[in-house]
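Novice: Encoded as C-alpha cells, here's the structure I'll be asking about.
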Amino acid sequence: MLDHEIVSDPNLMMGKPVVAGTRITVDLILDKLGSGESIEAILASHPRLTRDGLLAALRFAAQALRSEVVFPVVAKSA
C-alpha cells in the first residue's frame, strides 16, 4: 500500500520521506514519539502537520520495517 501523504524528493530534506506539504520527516516524528512526546504535543509544535499526516508517517515506517531487509540490533555494553 502506498501512502500518498508521505513523499520523497531528492531536493527536499536530502530525499528523506516527509509528510506531504511539509518539511517534517518521518524519522523526526518517530524520534519525538520515541522520546515520549505525545501526538498532541507534536501536532502543537508543528502547525502544518495534521493527525492524518502523523499517522501516515507511522504507517510508512511500519511498512518499511516489514521489508525483507534484516536490521541487526546490537545490545549496549554495560
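Within each chain, counting starts at residue 1; across the C-alpha cells, chains are named A, B, ... in the order shown, with ligands numbered 1 upward in that order.
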At a cut-off of 10 Å, using only C-alpha atoms, what residues contact A:Leu58? Leave out same-chain residues fewer than 5 positions from it and give the result as a list in words.

Specialist: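 Result of the neighbour search: Val26, Asp27, Ile29, Leu30, Asp52, Gly53, Gln63 and Ala64 of chain A.
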
Novice: Using DSSP assignments from the backbone, pull out every residue in chain A that falls under strand (DSSP E) and give it to me as an MDAnalysis selection string.

Specialist: chainID A and resid 6:7 18:19

Novice: Residues of stretch 37-63 of chain A that have any atom at most 10 Å from an atom of stretch 15-25 of chain A: could you tabulate them with the shortest-distance atom pair and the distance in Å to one decimal, using only C-alpha atoms, ordered by chain and increasing number, as CSV?

Specialist:
```
residue,atom,partner,partner_atom,distance
A:His46,CA,A:Ile24,CA,8.3
A:Pro47,CA,A:Thr22,CA,10.0
A:Arg48,CA,A:Thr22,CA,6.7
A:Leu49,CA,A:Thr22,CA,7.2
A:Thr50,CA,A:Val19,CA,9.1
A:Asp52,CA,A:Val19,CA,9.6
A:Gly53,CA,A:Val19,CA,5.8
A:Leu54,CA,A:Val19,CA,7.5
A:Leu55,CA,A:Val19,CA,9.8
A:Ala56,CA,A:Val19,CA,7.7
A:Ala57,CA,A:Val19,CA,6.8
A:Phe60,CA,A:Pro17,CA,8.9
A:Ala61,CA,A:Pro17,CA,9.6
```

Novice: As an exercise, work out the distance from atom CA of A:Ile39 to atom CA of A:Arg51 in Å and give it to one decimal place.

Specialist: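 Taking atom CA of A:Ile39 and atom CA of A:Arg51, their separation equals 7.9 Å.
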